[in-house]
Amino acid sequence: MKIIITAVTPTKATINGQPMAREYAEGILLPLLVAAQGKDHAGVLKVAKAFSLAGLPLDASPVASRVHSEHLTEQARLEARQRAEAQAHAERCRVPTPQEIAEKKAKREREALAIREHGARLRAQLGR
């Protein structure tokens with residue numbers, strides 16, 4: 001079932017080429033279309049998406065509202081997971097620049113020098 005909603009105004013909406021009162025579309029047509037889909041969540045989601053994209057509220061059908069909000073939540077969760085995976089892969093595959101390599105080497109050398117100096121001070125205190 002393909003639902004085309006166009007020309008939505010505060011008082012009227014055109015659904016599949018038929019102009020009708022917006023209150024009728026929101027209050028009667030939406031629950032009827034959802035009931036016609038039965039337990040077919042994909043069909044209910046198509047109806048809910050069509051009404052939502054047109055700017056019509058889904059308040060008249062709790063089933064459509066729930067299915068649509070669950071779909072949006074799942075989409076957001078999937079996008080967040082994909083974004084996190086992409087960042088993890090990018091970090092894993094990142095090649096350090098020569099500047100970063102030089103900075104890391106200099107830091108290691110400074111730390112090694114500090115350790116050697118500390119050991120030398122301890123040996124000097126103990127008289128060895």
# chains A, B, ... in the order shown; residues from 1 in each chain; ligands from 1
call {"tool": "residues_around", "arguments": {"residues": "stretch 59-72 of chain A", "least_positions_apart": "3", "cutoff": "10 Å", "atoms": "only C-alpha atoms", "output": "count of residues only"}}
result
28
call {"tool": "select_by_dssp", "arguments": {"residues": "stretch 1-119 of chain A", "states": "helix (DSSP H, G or I)", "output": "JSON, numbers by chain"}}
result
{"A": [22, 23, 24, 25, 26, 27, 28, 29, 30, 31, 32, 33, 34, 35, 36, 37, 41, 42, 43, 44, 45, 46, 47, 48, 49, 50, 51, 52, 53, 62, 63, 64, 65, 66, 67, 68, 69, 70, 71, 72, 73, 74, 75, 76, 77, 78, 79, 80, 81, 82, 83, 84, 85, 86, 87, 88, 89, 90, 91, 92, 98, 99, 100, 101, 102, 103, 104, 105, 106, 107, 108, 109, 110, 111, 112, 113, 114, 115, 116, 117, 118, 119]}
call {"tool": "write_last_selection", "arguments": {"atoms": "C-alpha atoms", "output": "PDB file, in the first residue's frame"}}
result
ATOM      1  CA  ARG A  22      -7.217  17.272   8.280  1.00  0.00           C
ATOM      2  CA  GLU A  23      -9.182  16.220  11.377  1.00  0.00           C
ATOM      3  CA  TYR A  24     -10.661  13.312   9.405  1.00  0.00           C
ATOM      4  CA  ALA A  25      -7.230  12.230   8.176  1.00  0.00           C
ATOM      5  CA  GLU A  26      -5.706  12.439  11.650  1.00  0.00           C
ATOM      6  CA  GLY A  27      -8.571  11.078  13.712  1.00  0.00           C
ATOM      7  CA  ILE A  28     -10.270   8.505  11.500  1.00  0.00           C
ATOM      8  CA  LEU A  29      -8.171   7.620   8.482  1.00  0.00           C
ATOM      9  CA  LEU A  30      -4.926   6.976  10.379  1.00  0.00           C
ATOM     10  CA  PRO A  31      -6.479   4.450  12.818  1.00  0.00           C
ATOM     11  CA  LEU A  32      -8.328   2.778   9.924  1.00  0.00           C
ATOM     12  CA  LEU A  33      -5.164   2.407   7.862  1.00  0.00           C
ATOM     13  CA  VAL A  34      -3.279   1.079  10.891  1.00  0.00           C
ATOM     14  CA  ALA A  35      -6.087  -1.370  11.708  1.00  0.00           C
ATOM     15  CA  ALA A  36      -6.083  -2.545   8.085  1.00  0.00           C
ATOM     16  CA  GLN A  37      -2.417  -3.485   8.466  1.00  0.00           C
ATOM     17  CA  HIS A  41       4.640  -3.888  11.701  1.00  0.00           C
ATOM     18  CA  ALA A  42       6.239  -3.041   8.364  1.00  0.00           C
ATOM     19  CA  GLY A  43       2.878  -1.925   6.990  1.00  0.00           C
ATOM     20  CA  VAL A  44       2.057   0.049  10.132  1.00  0.00           C
ATOM     21  CA  LEU A  45       5.498   1.665   9.904  1.00  0.00           C
ATOM     22  CA  LYS A  46       4.870   2.685   6.274  1.00  0.00           C
ATOM     23  CA  VAL A  47       1.576   4.321   7.250  1.00  0.00           C
ATOM     24  CA  ALA A  48       3.149   6.032  10.274  1.00  0.00           C
ATOM     25  CA  LYS A  49       6.114   7.250   8.209  1.00  0.00           C
ATOM     26  CA  ALA A  50       3.837   8.703   5.542  1.00  0.00           C
ATOM     27  CA  PHE A  51       1.790  10.609   8.117  1.00  0.00           C
ATOM     28  CA  SER A  52       4.864  11.707  10.070  1.00  0.00           C
ATOM     29  CA  LEU A  53       6.727  12.932   6.975  1.00  0.00           C
ATOM     30  CA  PRO A  62      -1.101   4.530  19.769  1.00  0.00           C
ATOM     31  CA  VAL A  63       0.109   1.523  17.766  1.00  0.00           C
ATOM     32  CA  ALA A  64       1.402   3.699  14.933  1.00  0.00           C
ATOM     33  CA  SER A  65       2.979   6.112  17.389  1.00  0.00           C
ATOM     34  CA  ARG A  66       4.721   3.293  19.279  1.00  0.00           C
ATOM     35  CA  VAL A  67       5.950   1.504  16.139  1.00  0.00           C
ATOM     36  CA  HIS A  68       7.233   4.768  14.657  1.00  0.00           C
ATOM     37  CA  SER A  69       9.022   5.841  17.852  1.00  0.00           C
ATOM     38  CA  GLU A  70      10.580   2.368  18.235  1.00  0.00           C
ATOM     39  CA  HIS A  71      11.773   2.579  14.631  1.00  0.00           C
ATOM     40  CA  LEU A  72      13.316   6.012  15.190  1.00  0.00           C
ATOM     41  CA  THR A  73      15.000   4.821  18.380  1.00  0.00           C
ATOM     42  CA  GLU A  74      16.387   1.741  16.637  1.00  0.00           C
ATOM     43  CA  GLN A  75      17.648   3.871  13.744  1.00  0.00           C
ATOM     44  CA  ALA A  76      19.391   6.263  16.136  1.00  0.00           C
ATOM     45  CA  ARG A  77      20.952   3.337  18.018  1.00  0.00           C
ATOM     46  CA  LEU A  78      22.149   1.757  14.768  1.00  0.00           C
ATOM     47  CA  GLU A  79      23.647   5.028  13.515  1.00  0.00           C
ATOM     48  CA  ALA A  80      25.428   5.581  16.842  1.00  0.00           C
ATOM     49  CA  ARG A  81      26.852   2.044  16.757  1.00  0.00           C
ATOM     50  CA  GLN A  82      27.987   2.442  13.144  1.00  0.00           C
ATOM     51  CA  ARG A  83      29.573   5.798  13.949  1.00  0.00           C
ATOM     52  CA  ALA A  84      31.411   4.284  16.939  1.00  0.00           C
ATOM     53  CA  GLU A  85      32.613   1.346  14.832  1.00  0.00           C
ATOM     54  CA  ALA A  86      33.808   3.691  12.092  1.00  0.00           C
ATOM     55  CA  GLN A  87      35.731   5.785  14.610  1.00  0.00           C
ATOM     56  CA  ALA A  88      37.271   2.661  16.148  1.00  0.00           C
ATOM     57  CA  HIS A  89      38.338   1.389  12.727  1.00  0.00           C
ATOM     58  CA  ALA A  90      39.733   4.795  11.764  1.00  0.00           C
ATOM     59  CA  GLU A  91      41.741   4.953  14.993  1.00  0.00           C
ATOM     60  CA  ARG A  92      42.971   1.398  14.575  1.00  0.00           C
ATOM     61  CA  PRO A  98      56.621  11.625  11.586  1.00  0.00           C
ATOM     62  CA  GLN A  99      56.051  14.458  14.089  1.00  0.00           C
ATOM     63  CA  GLU A 100      54.130  12.142  16.439  1.00  0.00           C
ATOM     64  CA  ILE A 101      56.796   9.441  16.122  1.00  0.00           C
ATOM     65  CA  ALA A 102      59.544  11.956  16.959  1.00  0.00           C
ATOM     66  CA  GLU A 103      57.580  13.301  19.951  1.00  0.00           C
ATOM     67  CA  LYS A 104      56.999   9.795  21.305  1.00  0.00           C
ATOM     68  CA  LYS A 105      60.684   8.898  20.902  1.00  0.00           C
ATOM     69  CA  ALA A 106      61.767  12.112  22.650  1.00  0.00           C
ATOM     70  CA  LYS A 107      59.366  11.399  25.520  1.00  0.00           C
ATOM     71  CA  ARG A 108      60.732   7.858  25.940  1.00  0.00           C
ATOM     72  CA  GLU A 109      64.287   9.191  25.958  1.00  0.00           C
ATOM     73  CA  ARG A 110      63.412  11.855  28.585  1.00  0.00           C
ATOM     74  CA  GLU A 111      61.787   9.221  30.791  1.00  0.00           C
ATOM     75  CA  ALA A 112      64.775   6.857  30.411  1.00  0.00           C
ATOM     76  CA  LEU A 113      67.179   9.690  31.297  1.00  0.00           C
ATOM     77  CA  ALA A 114      65.112  10.573  34.383  1.00  0.00           C
ATOM     78  CA  ILE A 115      65.185   6.920  35.502  1.00  0.00           C
ATOM     79  CA  ARG A 116      68.949   6.683  34.993  1.00  0.00           C
ATOM     80  CA  GLU A 117      69.523   9.939  36.932  1.00  0.00           C
ATOM     81  CA  HIS A 118      67.318   8.732  39.774  1.00  0.00           C
ATOM     82  CA  GLY A 119      69.270   5.452  39.943  1.00  0.00           C
TER      83      GLY A 119
END
call {"tool": "select_by_dssp", "arguments": {"residues": "chain A", "states": "strand (DSSP E or B)", "output": "list in words"}}
result
Ile5, Thr6, Lys12, Ala13, Thr14, Ile15, Gln18, Pro19, Met20 and Ala21 of chain A
call {"tool": "residues_around", "arguments": {"residues": "A:Gly17", "least_positions_apart": "6", "cutoff": "12 Å", "atoms": "only C-alpha atoms", "output": "list of chain:residue names"}}
result
A:Lys2, A:Ile3, A:Ile4, A:Ile5, A:Thr6, A:Ala7, A:Val8
call {"tool": "atom_distance", "arguments": {"atom1": "atom CA of A:Asp40", "atom2": "atom CA of A:Lys12"}}
result
28.5 Å
call {"tool": "closest_residue", "arguments": {"among": "A:Pro10, A:Gly38, A:Gly127, A:Pro96", "to": "A:Ala54", "atoms": "only C-alpha atoms"}}
result
A:Pro10
call {"tool": "atom_distance", "arguments": {"atom1": "atom CA of A:Met1", "atom2": "atom CA of A:Gly55"}}
result
19.4 Å
call {"tool": "decode", "arguments": {"residues": "chain A", "atoms": "C-alpha atoms", "output": "PDB file, in the first residue's frame"}}
result
ATOM      1  CA  MET A   1       0.000   0.000   0.000  1.00  0.00           C
ATOM      2  CA  LYS A   2       1.472   3.311  -1.082  1.00  0.00           C
ATOM      3  CA  ILE A   3       0.230   6.403   0.718  1.00  0.00           C
ATOM      4  CA  ILE A   4       0.971   9.780  -0.831  1.00  0.00           C
ATOM      5  CA  ILE A   5       0.129  12.744   1.377  1.00  0.00           C
ATOM      6  CA  THR A   6       0.475  16.169  -0.202  1.00  0.00           C
ATOM      7  CA  ALA A   7      -0.830  19.692   0.259  1.00  0.00           C
ATOM      8  CA  VAL A   8      -1.158  19.593   4.036  1.00  0.00           C
ATOM      9  CA  THR A   9      -2.699  22.788   5.382  1.00  0.00           C
ATOM     10  CA  PRO A  10      -4.093  23.559   8.843  1.00  0.00           C
ATOM     11  CA  THR A  11      -7.572  22.523   7.665  1.00  0.00           C
ATOM     12  CA  LYS A  12      -7.095  20.168   4.703  1.00  0.00           C
ATOM     13  CA  ALA A  13      -4.813  17.369   3.537  1.00  0.00           C
ATOM     14  CA  THR A  14      -4.657  15.616   0.190  1.00  0.00           C
ATOM     15  CA  ILE A  15      -4.182  11.864   0.585  1.00  0.00           C
ATOM     16  CA  ASN A  16      -3.693   9.784  -2.556  1.00  0.00           C
ATOM     17  CA  GLY A  17      -5.139  12.642  -4.606  1.00  0.00           C
ATOM     18  CA  GLN A  18      -8.299  13.030  -2.514  1.00  0.00           C
ATOM     19  CA  PRO A  19      -8.656  16.251  -0.557  1.00  0.00           C
ATOM     20  CA  MET A  20     -10.128  15.753   2.897  1.00  0.00           C
ATOM     21  CA  ALA A  21     -10.376  17.506   6.226  1.00  0.00           C
ATOM     22  CA  ARG A  22      -7.217  17.272   8.280  1.00  0.00           C
ATOM     23  CA  GLU A  23      -9.182  16.220  11.377  1.00  0.00           C
ATOM     24  CA  TYR A  24     -10.661  13.312   9.405  1.00  0.00           C
ATOM     25  CA  ALA A  25      -7.230  12.230   8.176  1.00  0.00           C
ATOM     26  CA  GLU A  26      -5.706  12.439  11.650  1.00  0.00           C
ATOM     27  CA  GLY A  27      -8.571  11.078  13.712  1.00  0.00           C
ATOM     28  CA  ILE A  28     -10.270   8.505  11.500  1.00  0.00           C
ATOM     29  CA  LEU A  29      -8.171   7.620   8.482  1.00  0.00           C
ATOM     30  CA  LEU A  30      -4.926   6.976  10.379  1.00  0.00           C
ATOM     31  CA  PRO A  31      -6.479   4.450  12.818  1.00  0.00           C
ATOM     32  CA  LEU A  32      -8.328   2.778   9.924  1.00  0.00           C
ATOM     33  CA  LEU A  33      -5.164   2.407   7.862  1.00  0.00           C
ATOM     34  CA  VAL A  34      -3.279   1.079  10.891  1.00  0.00           C
ATOM     35  CA  ALA A  35      -6.087  -1.370  11.708  1.00  0.00           C
ATOM     36  CA  ALA A  36      -6.083  -2.545   8.085  1.00  0.00           C
ATOM     37  CA  GLN A  37      -2.417  -3.485   8.466  1.00  0.00           C
ATOM     38  CA  GLY A  38      -3.168  -5.628  11.527  1.00  0.00           C
ATOM     39  CA  LYS A  39      -0.028  -7.034  13.119  1.00  0.00           C
ATOM     40  CA  ASP A  40       2.134  -6.241  10.081  1.00  0.00           C
ATOM     41  CA  HIS A  41       4.640  -3.888  11.701  1.00  0.00           C
ATOM     42  CA  ALA A  42       6.239  -3.041   8.364  1.00  0.00           C
ATOM     43  CA  GLY A  43       2.878  -1.925   6.990  1.00  0.00           C
ATOM     44  CA  VAL A  44       2.057   0.049  10.132  1.00  0.00           C
ATOM     45  CA  LEU A  45       5.498   1.665   9.904  1.00  0.00           C
ATOM     46  CA  LYS A  46       4.870   2.685   6.274  1.00  0.00           C
ATOM     47  CA  VAL A  47       1.576   4.321   7.250  1.00  0.00           C
ATOM     48  CA  ALA A  48       3.149   6.032  10.274  1.00  0.00           C
ATOM     49  CA  LYS A  49       6.114   7.250   8.209  1.00  0.00           C
ATOM     50  CA  ALA A  50       3.837   8.703   5.542  1.00  0.00           C
ATOM     51  CA  PHE A  51       1.790  10.609   8.117  1.00  0.00           C
ATOM     52  CA  SER A  52       4.864  11.707  10.070  1.00  0.00           C
ATOM     53  CA  LEU A  53       6.727  12.932   6.975  1.00  0.00           C
ATOM     54  CA  ALA A  54       3.666  14.935   5.958  1.00  0.00           C
ATOM     55  CA  GLY A  55       3.633  16.627   9.345  1.00  0.00           C
ATOM     56  CA  LEU A  56       0.477  14.951  10.616  1.00  0.00           C
ATOM     57  CA  PRO A  57       0.488  13.787  14.240  1.00  0.00           C
ATOM     58  CA  LEU A  58       0.235  10.099  15.125  1.00  0.00           C
ATOM     59  CA  ASP A  59      -1.675  10.728  18.362  1.00  0.00           C
ATOM     60  CA  ALA A  60      -4.894   9.071  17.155  1.00  0.00           C
ATOM     61  CA  SER A  61      -3.206   5.678  16.814  1.00  0.00           C
ATOM     62  CA  PRO A  62      -1.101   4.530  19.769  1.00  0.00           C
ATOM     63  CA  VAL A  63       0.109   1.523  17.766  1.00  0.00           C
ATOM     64  CA  ALA A  64       1.402   3.699  14.933  1.00  0.00           C
ATOM     65  CA  SER A  65       2.979   6.112  17.389  1.00  0.00           C
ATOM     66  CA  ARG A  66       4.721   3.293  19.279  1.00  0.00           C
ATOM     67  CA  VAL A  67       5.950   1.504  16.139  1.00  0.00           C
ATOM     68  CA  HIS A  68       7.233   4.768  14.657  1.00  0.00           C
ATOM     69  CA  SER A  69       9.022   5.841  17.852  1.00  0.00           C
ATOM     70  CA  GLU A  70      10.580   2.368  18.235  1.00  0.00           C
ATOM     71  CA  HIS A  71      11.773   2.579  14.631  1.00  0.00           C
ATOM     72  CA  LEU A  72      13.316   6.012  15.190  1.00  0.00           C
ATOM     73  CA  THR A  73      15.000   4.821  18.380  1.00  0.00           C
ATOM     74  CA  GLU A  74      16.387   1.741  16.637  1.00  0.00           C
ATOM     75  CA  GLN A  75      17.648   3.871  13.744  1.00  0.00           C
ATOM     76  CA  ALA A  76      19.391   6.263  16.136  1.00  0.00           C
ATOM     77  CA  ARG A  77      20.952   3.337  18.018  1.00  0.00           C
ATOM     78  CA  LEU A  78      22.149   1.757  14.768  1.00  0.00           C
ATOM     79  CA  GLU A  79      23.647   5.028  13.515  1.00  0.00           C
ATOM     80  CA  ALA A  80      25.428   5.581  16.842  1.00  0.00           C
ATOM     81  CA  ARG A  81      26.852   2.044  16.757  1.00  0.00           C
ATOM     82  CA  GLN A  82      27.987   2.442  13.144  1.00  0.00           C
ATOM     83  CA  ARG A  83      29.573   5.798  13.949  1.00  0.00           C
ATOM     84  CA  ALA A  84      31.411   4.284  16.939  1.00  0.00           C
ATOM     85  CA  GLU A  85      32.613   1.346  14.832  1.00  0.00           C
ATOM     86  CA  ALA A  86      33.808   3.691  12.092  1.00  0.00           C
ATOM     87  CA  GLN A  87      35.731   5.785  14.610  1.00  0.00           C
ATOM     88  CA  ALA A  88      37.271   2.661  16.148  1.00  0.00           C
ATOM     89  CA  HIS A  89      38.338   1.389  12.727  1.00  0.00           C
ATOM     90  CA  ALA A  90      39.733   4.795  11.764  1.00  0.00           C
ATOM     91  CA  GLU A  91      41.741   4.953  14.993  1.00  0.00           C
ATOM     92  CA  ARG A  92      42.971   1.398  14.575  1.00  0.00           C
ATOM     93  CA  CYS A  93      44.101   2.030  10.996  1.00  0.00           C
ATOM     94  CA  ARG A  94      45.585   5.457  11.696  1.00  0.00           C
ATOM     95  CA  VAL A  95      49.217   5.897  10.709  1.00  0.00           C
ATOM     96  CA  PRO A  96      51.210   8.138  13.046  1.00  0.00           C
ATOM     97  CA  THR A  97      52.842  11.161  11.464  1.00  0.00           C
ATOM     98  CA  PRO A  98      56.621  11.625  11.586  1.00  0.00           C
ATOM     99  CA  GLN A  99      56.051  14.458  14.089  1.00  0.00           C
ATOM    100  CA  GLU A 100      54.130  12.142  16.439  1.00  0.00           C
ATOM    101  CA  ILE A 101      56.796   9.441  16.122  1.00  0.00           C
ATOM    102  CA  ALA A 102      59.544  11.956  16.959  1.00  0.00           C
ATOM    103  CA  GLU A 103      57.580  13.301  19.951  1.00  0.00           C
ATOM    104  CA  LYS A 104      56.999   9.795  21.305  1.00  0.00           C
ATOM    105  CA  LYS A 105      60.684   8.898  20.902  1.00  0.00           C
ATOM    106  CA  ALA A 106      61.767  12.112  22.650  1.00  0.00           C
ATOM    107  CA  LYS A 107      59.366  11.399  25.520  1.00  0.00           C
ATOM    108  CA  ARG A 108      60.732   7.858  25.940  1.00  0.00           C
ATOM    109  CA  GLU A 109      64.287   9.191  25.958  1.00  0.00           C
ATOM    110  CA  ARG A 110      63.412  11.855  28.585  1.00  0.00           C
ATOM    111  CA  GLU A 111      61.787   9.221  30.791  1.00  0.00           C
ATOM    112  CA  ALA A 112      64.775   6.857  30.411  1.00  0.00           C
ATOM    113  CA  LEU A 113      67.179   9.690  31.297  1.00  0.00           C
ATOM    114  CA  ALA A 114      65.112  10.573  34.383  1.00  0.00           C
ATOM    115  CA  ILE A 115      65.185   6.920  35.502  1.00  0.00           C
ATOM    116  CA  ARG A 116      68.949   6.683  34.993  1.00  0.00           C
ATOM    117  CA  GLU A 117      69.523   9.939  36.932  1.00  0.00           C
ATOM    118  CA  HIS A 118      67.318   8.732  39.774  1.00  0.00           C
ATOM    119  CA  GLY A 119      69.270   5.452  39.943  1.00  0.00           C
ATOM    120  CA  ALA A 120      72.561   7.358  39.945  1.00  0.00           C
ATOM    121  CA  ARG A 121      71.350   9.580  42.829  1.00  0.00           C
ATOM    122  CA  LEU A 122      70.317   6.518  44.839  1.00  0.00           C
ATOM    123  CA  ARG A 123      73.672   4.842  44.263  1.00  0.00           C
ATOM    124  CA  ALA A 124      75.492   8.053  45.249  1.00  0.00           C
ATOM    125  CA  GLN A 125      73.476   8.274  48.488  1.00  0.00           C
ATOM    126  CA  LEU A 126      74.266   4.667  49.360  1.00  0.00           C
ATOM    127  CA  GLY A 127      77.927   5.181  48.534  1.00  0.00           C
ATOM    128  CA  ARG A 128      78.208   2.586  45.825  1.00  0.00           C
TER     129      ARG A 128
END
